[in-house]
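Visitor: Please find run-v9.cif (mmCIF, C-alpha atoms) on the next line:
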```cif
data_model
#
loop_
_atom_site.label_atom_id
_atom_site.label_comp_id
_atom_site.auth_asym_id
_atom_site.auth_seq_id
_atom_site.Cartn_x
_atom_site.Cartn_y
_atom_site.Cartn_z
CA MET A 26 80.19 118.71 103.76
CA LYS A 27 77.98 117.65 106.67
CA THR A 28 75.83 115.57 104.30
CA TRP A 29 78.54 113.73 102.35
CA TRP A 30 81.52 113.46 104.71
CA PRO A 31 80.03 110.45 106.57
CA TYR A 32 80.12 108.56 103.28
CA VAL A 33 83.77 109.49 102.77
CA ARG A 34 84.42 107.94 106.17
CA LEU A 35 82.46 104.79 105.29
CA ALA A 36 84.28 104.38 101.96
CA SER A 37 87.65 104.96 103.62
CA ALA A 38 86.85 102.43 106.34
CA ALA A 39 85.85 99.85 103.73
CA LEU A 40 89.11 100.45 101.84
CA GLY A 41 91.17 100.16 105.02
CA LEU A 42 89.47 96.93 106.11
CA ALA A 43 89.83 95.49 102.60
CA ALA A 44 93.56 96.22 102.75
CA VAL A 45 93.85 94.50 106.14
CA ILE A 46 91.92 91.45 104.92
CA ALA A 47 93.98 91.22 101.71
CA GLN A 48 97.25 91.24 103.65
CA LEU A 49 95.92 88.76 106.24
CA SER A 50 94.80 86.42 103.48
CA LEU A 51 98.26 86.42 101.86
CA THR A 52 99.96 85.98 105.25
CA LEU A 53 97.82 82.91 106.01
CA GLN A 54 98.45 81.46 102.55
CA ILE A 55 102.19 81.75 103.09
CA ALA A 56 101.89 80.12 106.51
CA MET A 57 99.83 77.19 105.22
CA SER A 58 102.49 76.38 102.62
CA ASP A 59 105.41 76.71 105.05
CA PRO A 60 107.12 73.38 105.77
CA THR A 61 108.39 74.33 109.23
CA PRO A 62 106.32 73.87 112.42
CA TRP A 63 106.98 77.46 113.52
CA GLY A 64 106.21 78.98 110.13
CA SER A 65 102.93 77.10 109.76
CA HIS A 66 101.63 77.55 113.31
CA LEU A 67 98.45 79.48 112.52
CA PRO A 68 97.61 80.71 116.06
CA THR A 69 101.03 82.40 116.20
CA ILE A 70 100.61 83.77 112.67
CA TRP A 71 97.24 85.29 113.61
CA ALA A 72 98.63 86.77 116.84
CA ASN A 73 101.69 88.16 115.06
CA PHE A 74 99.56 89.77 112.37
CA PHE A 75 97.46 91.66 114.90
CA SER A 76 100.57 92.59 116.87
CA PHE A 77 101.61 95.10 114.22
CA PHE A 78 100.83 98.67 115.27
CA THR A 79 99.95 99.42 111.65
CA ILE A 80 97.25 96.75 111.57
CA ASP A 81 95.86 97.74 114.97
CA SER A 82 95.80 101.42 113.99
CA ASN A 83 94.00 100.74 110.71
CA VAL A 84 91.39 98.55 112.40
CA ILE A 85 90.84 101.16 115.12
CA ALA A 86 90.53 103.90 112.49
CA ALA A 87 88.11 101.89 110.34
CA VAL A 88 85.84 100.99 113.26
CA THR A 89 85.94 104.60 114.52
CA PHE A 90 85.06 105.92 111.07
CA ILE A 91 82.11 103.52 110.80
CA ILE A 92 80.80 104.57 114.23
CA ALA A 93 81.31 108.26 113.40
CA ALA A 94 79.59 107.91 110.03
CA ILE A 95 76.56 106.15 111.52
CA TRP A 96 76.28 108.83 114.21
CA ALA A 97 76.52 111.63 111.63
CA ILE A 98 73.93 110.05 109.32
CA ARG A 99 71.52 109.66 112.24
CA HIS A 100 72.07 113.36 113.13
CA ARG A 101 72.12 114.70 109.56
CA ARG A 102 69.14 116.99 110.21
CA ASP A 103 70.69 118.86 113.15
CA ASP A 104 73.87 120.83 113.82
CA GLU A 105 74.88 119.01 116.98
CA LYS A 106 78.61 118.56 117.47
CA GLU A 107 80.02 115.07 117.75
CA PRO A 108 79.76 113.72 121.33
CA SER A 109 82.86 113.84 123.52
CA TRP A 110 83.40 110.06 123.51
CA LEU A 111 83.35 110.02 119.71
CA ALA A 112 85.62 113.05 119.48
CA ILE A 113 88.14 111.28 121.75
CA LEU A 114 87.97 108.15 119.59
CA LEU A 115 88.64 110.24 116.50
CA VAL A 116 91.63 111.95 118.15
CA CYS A 117 93.10 108.56 119.07
CA ALA A 118 92.49 107.02 115.64
CA SER A 119 93.87 110.09 113.86
CA THR A 120 96.96 110.19 116.06
CA TYR A 121 97.78 106.51 115.55
CA MET A 122 97.28 106.63 111.80
CA ILE A 123 99.25 109.83 111.24
CA VAL A 124 102.12 108.41 113.33
CA THR A 125 101.89 105.15 111.34
CA GLY A 126 102.34 107.10 108.13
CA ILE A 127 105.25 109.11 109.55
CA VAL A 128 107.10 106.10 111.02
CA TYR A 129 106.65 103.95 107.92
CA ASN A 130 107.78 106.59 105.49
CA THR A 131 110.76 107.70 107.60
CA LEU A 132 111.99 104.40 109.13
CA LEU A 133 110.57 101.51 107.13
CA ARG A 134 109.98 102.65 103.55
CA GLY A 135 113.44 101.64 102.34
CA ILE A 136 113.60 98.24 104.05
CA GLU A 137 113.38 95.42 101.50
CA LEU A 138 111.12 92.48 102.31
CA PRO A 139 111.10 89.05 100.66
CA GLN A 140 109.19 89.09 97.38
CA GLY A 141 105.55 88.13 97.76
CA VAL A 142 105.09 88.64 101.50
CA THR A 143 103.14 91.89 101.13
CA VAL A 144 100.22 92.95 98.95
CA PRO A 145 101.55 96.13 97.24
CA TRP A 146 98.26 98.03 97.01
CA SER A 147 97.31 97.01 100.54
CA ASN A 148 100.68 98.18 101.85
CA GLU A 149 100.18 101.64 100.35
CA VAL A 150 96.62 101.92 101.65
CA LEU A 151 97.63 100.95 105.18
CA HIS A 152 100.71 103.19 105.34
CA VAL A 153 99.91 106.14 103.06
CA VAL A 154 96.35 106.46 101.73
CA PHE A 155 94.36 105.81 104.91
CA PRO A 156 96.72 107.90 107.11
CA LEU A 157 96.26 110.79 104.67
CA VAL A 158 92.47 110.43 104.90
CA LEU A 159 92.72 110.65 108.70
CA LEU A 160 94.81 113.81 108.35
CA LEU A 161 92.18 115.31 106.04
CA ASP A 162 89.51 114.31 108.56
CA VAL A 163 91.33 116.26 111.26
CA LEU A 164 91.58 119.32 109.03
CA PHE A 165 88.18 119.35 107.35
CA ALA A 166 85.61 117.02 108.96
CA PRO A 167 82.49 118.88 110.16
CA ARG A 168 81.03 118.96 113.69
CA ARG A 169 84.42 119.11 115.44
CA ARG A 170 84.22 119.40 119.23
CA ALA A 171 86.89 121.13 121.32
CA LEU A 172 88.48 118.66 123.74
CA PRO A 173 90.58 119.25 126.87
CA TRP A 174 94.36 118.79 126.65
CA SER A 175 94.04 115.71 128.89
CA THR A 176 92.86 113.90 125.74
CA VAL A 177 96.53 113.74 124.72
CA PHE A 178 97.24 111.42 127.65
CA ILE A 179 94.24 109.25 126.78
CA SER A 180 95.60 108.83 123.26
CA ALA A 181 98.96 107.68 124.69
CA ILE A 182 97.46 104.74 126.62
CA PHE A 183 97.15 102.27 123.75
CA PRO A 184 100.65 102.86 122.30
CA LEU A 185 102.21 102.40 125.75
CA VAL A 186 100.29 99.16 126.33
CA TRP A 187 101.23 97.98 122.82
CA ALA A 188 104.94 98.72 123.37
CA ALA A 189 104.96 96.85 126.70
CA TYR A 190 103.08 93.90 125.19
CA THR A 191 105.45 93.78 122.22
CA MET A 192 108.64 93.76 124.27
CA ILE A 193 107.31 91.15 126.73
CA ARG A 194 105.89 88.84 124.06
CA ALA A 195 108.85 89.08 121.67
CA ASN A 196 111.05 86.56 123.45
CA LEU A 197 108.19 84.10 123.92
CA VAL A 198 107.57 83.63 120.19
CA ILE A 199 109.60 81.82 117.52
CA SER A 200 109.95 83.89 114.36
CA PRO A 201 107.84 82.23 111.63
CA SER A 202 110.18 83.37 108.85
CA THR A 203 113.60 82.65 110.39
CA GLY A 204 113.09 80.21 113.25
CA GLU A 205 114.86 82.59 115.65
CA GLU A 206 113.76 82.37 119.27
CA TRP A 207 112.24 85.83 119.22
CA TRP A 208 109.89 87.83 117.04
CA TYR A 209 109.59 91.61 116.80
CA PRO A 210 107.06 93.27 114.49
CA TYR A 211 109.52 96.01 113.49
CA PRO A 212 113.31 95.90 113.08
CA PHE A 213 113.85 99.07 115.14
CA LEU A 214 112.38 97.25 118.17
CA ASN A 215 114.69 94.24 117.84
CA PRO A 216 117.58 94.54 120.34
CA HIS A 217 119.39 91.72 118.51
CA LYS A 218 119.76 93.99 115.46
CA VAL A 219 119.63 97.57 116.74
CA PRO A 220 123.04 99.07 117.72
CA GLY A 221 123.16 99.41 121.49
CA GLU A 222 120.67 96.56 121.91
CA TYR A 223 117.96 97.48 124.45
CA LEU A 224 119.39 100.95 124.94
CA GLY A 225 119.14 101.57 121.21
CA VAL A 226 115.59 100.23 121.17
CA ALA A 227 114.73 102.50 124.09
CA GLY A 228 115.87 105.45 122.00
CA TYR A 229 113.49 104.51 119.21
CA VAL A 230 110.63 103.93 121.67
CA VAL A 231 111.18 107.34 123.28
CA GLY A 232 111.34 108.97 119.85
CA ILE A 233 108.08 107.38 118.76
CA ALA A 234 106.45 108.27 122.09
CA VAL A 235 107.42 111.90 121.51
CA ALA A 236 105.96 111.68 118.00
CA ILE A 237 102.69 110.24 119.33
CA ILE A 238 102.35 112.94 121.99
CA GLY A 239 103.31 115.64 119.49
CA VAL A 240 100.79 114.47 116.89
CA ALA A 241 98.08 114.09 119.55
CA CYS A 242 98.75 117.67 120.69
CA LEU A 243 98.46 118.86 117.10
CA VAL A 244 95.20 116.97 116.54
CA VAL A 245 93.66 118.31 119.75
CA TRP A 246 94.89 121.85 118.96
CA VAL A 247 93.38 121.76 115.46
CA GLY A 248 90.08 120.51 116.89
CA ARG A 249 90.02 123.29 119.48
CA ARG A 250 90.84 125.94 116.87
CA ARG A 251 88.22 124.68 114.44
CA ALA A 252 85.54 124.45 117.13
CA ALA A 253 86.39 127.97 118.31
CA SER A 254 86.20 129.38 114.79
CA VAL A 255 82.74 127.88 114.29
CA THR A 256 81.53 129.29 117.62
CA SER A 257 82.81 132.77 116.81
CA ALA A 258 81.45 132.76 113.25
#
```
Would you put the structure from the file into structure tokens?

Guide:
Amino acid sequence: MKTWWPYVRLASAALGLAAVIAQLSLTLQIAMSDPTPWGSHLPTIWANFFSFFTIDSNVIAAVTFIIAAIWAIRHRRDDEKEPSWLAILLVCASTYMIVTGIVYNTLLRGIELPQGVTVPWSNEVLHVVFPLVLLLDVLFAPRRRALPWSTVFISAIFPLVWAAYTMIRANLVISPSTGEEWWYPYPFLNPHKVPGEYLGVAGYVVGIAVAIIGVACLVVWVGRRRAASVTSA
């Protein structure tokens, strides 16, 4: 597995980036044909696209996989474990992607979107296929290094920053699709639609924060167990 797993990572990263590019291309095409000034404002469209946690998570995972694959190929002749900085990156990427898969398939799977605004195959790659690959990476990738439990808190930094950014920016942006004076990347973050308004949104944010911490704990625990089993073997 040590010899071919880096190429699984490279192929997965290429698929994930292709899915991101395909969806971005369609999003820009829709914007360029929109007759309204807010729907065709490309800087806002670009910023909105990369404000989705799903997109950010997939890009982070793809870049991390490419870095990890290059490192592994360069060290293919030794049995050195992945360096700590790389192991931390993998924990973060795995956590974000697994949570992306969980949130999408539990909260967003049944929400209908206007026909033609998503690329079907890209949507499945970003929300199902690539998250599953990250889960398999946690369970089976070679050279796992045991990390301290403090890694869980490191993995929580980006989601917290993203949540704060999202809630601050939301009321500064006109929705490209509706012209409303706010834009939220996900309906469960929109206090104008969630029962209880900001209190209801806070409930979802807390729930997702718990999920992120829980998944990060699981990823770190698996890494520690796998590293310990290799040491004792």

Visitor: Find the nearest atom pair between each residue of segment 77-196 of chain A and segment 238-241 of chain A for residues within 8 Å, count all atoms listed in the file, give distances in Å to one decimal, sort rows by chain and ascending number, and present the table as CSV.

Guide:
```
residue,atom,partner,partner_atom,distance
A:Val116,CA,A:Ala241,CA,6.9
A:Cys117,CA,A:Ala241,CA,7.5
A:Thr120,CA,A:Ala241,CA,5.4
A:Ile123,CA,A:Val240,CA,7.5
A:Val124,CA,A:Val240,CA,7.2
A:Val177,CA,A:Ala241,CA,5.4
A:Phe178,CA,A:Ile238,CA,7.8
A:Ser180,CA,A:Ala241,CA,6.9
A:Ala181,CA,A:Ile238,CA,6.8
```

Visitor: Please write the residues from the selection above to a file, keeping C-alpha atoms, as an mmCIF file, keeping the file's coordinate frame.

Guide:
```cif
data_model
loop_
_atom_site.group_PDB
_atom_site.id
_atom_site.type_symbol
_atom_site.label_atom_id
_atom_site.label_comp_id
_atom_site.auth_asym_id
_atom_site.auth_seq_id
_atom_site.Cartn_x
_atom_site.Cartn_y
_atom_site.Cartn_z
ATOM 1 C CA VAL A 116 91.630 111.950 118.150
ATOM 2 C CA CYS A 117 93.100 108.560 119.070
ATOM 3 C CA THR A 120 96.960 110.190 116.060
ATOM 4 C CA ILE A 123 99.250 109.830 111.240
ATOM 5 C CA VAL A 124 102.120 108.410 113.330
ATOM 6 C CA VAL A 177 96.530 113.740 124.720
ATOM 7 C CA PHE A 178 97.240 111.420 127.650
ATOM 8 C CA SER A 180 95.600 108.830 123.260
ATOM 9 C CA ALA A 181 98.960 107.680 124.690
#
```

Visitor: Using only C-alpha atoms for the distances, tell me which of A:Ile199, A:Val84, A:Val219, A:Val230 is nearest to His66 of chain A.

Guide: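 Nearest to His66 of chain A: A:Ile199.
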
Visitor: Given the file shown, determine the residues that the PyMOL selection byres ((chain A and resi 142-158) around 7) selects; report them as an MDAnalysis selection string.

Guide: chainID A and resid 37 41 44 47:48 52 83 122:123 125:126 129 139:141 159:162

Visitor: Hey, can you check how far atom CA of Arg250 of chain A sits from atom CA of Ile237 of chain A?

Guide: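 The value is 19.8 Å.
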
Visitor: So, counting only C-alpha atoms, which residue among A:Ala118, A:Ile233, A:Ile98, A:Met57 is closest to Ala86 of chain A?

Guide: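 Of A:Ala118, A:Ile233, A:Ile98, A:Met57, the one nearest Ala86 of chain A, counting only C-alpha atoms, is A:Ala118.
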
Visitor: Mind pulling up the distance from atom CA of Ser65 of chain A to atom CA of Met192 of chain A?

Guide: 22.8 Å

Visitor: Could you check the closest approach to Ala188 of chain A for each of A:Pro220, A:Pro31, A:Pro210, A:Pro167 and tell me which residue wins, using all atoms listed in the file?

Guide: A:Pro210

Visitor: Running the PyMOL selection byres ((chain A and resi 104) around 12) on this model by hand, what would come out? Give it as a ChimeraX atom specification.

Guide: /A:27-28,97-103,105-108,167-170,255

Visitor: Closest to Ala36 of chain A among A:Val88, A:Gly204, A:Val245, A:Asn130, using only C-alpha atoms?

Guide: A:Val88

Visitor: Which residue gives the smallest distance to Ile182 of chain A among A:Leu67, A:Ala234, A:Ile136, A:Leu51, with all atoms listed in the file counted?

Guide: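 Distance minimum relative to Ile182 of chain A lands on A:Ala234.
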
Visitor: For Phe213 of chain A, which residue out of A:Ser109, A:Ser82, A:Ser200, A:Thr131 is the nearest one, using all atoms listed in the file?

Guide: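 Comparing A:Ser109, A:Ser82, A:Ser200, A:Thr131 against Phe213 of chain A, the winner is A:Thr131.
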
Visitor: What box, with edges along x, y and z, holds each listed atom of segment 226-243 of chain A when 8 Å is added on every side, and can you state its centre and edge lengths in Å to one decimal, as JSON?

Guide:
```
{"center_x": 107.0, "center_y": 109.5, "center_z": 120.5, "size_x": 33.8, "size_y": 34.6, "size_z": 23.2}
```

Visitor: Using only C-alpha atoms, which protein or nucleic acid residues come within 10 Å of segment 68-73 of chain A? Drop anything in the same chain fewer than 3 positions from it, and give the result as a list in words.

Guide: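 Counting only C-alpha atoms, the residues come to Leu49, Thr52, Leu53, Ile55, Ala56, Met57, Trp63, Gly64, Ser65, Ser76, Phe77, Thr191, Arg194, Ala195, Val198, Ile199, Ser200, Pro201, Trp208, Tyr209 and Pro210 of chain A.
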
Visitor: Please, what distance in Å, to one decimal, runs between atom CA of Asp59 of chain A and atom CA of Asp81 of chain A?

Guide: 25.1 Å
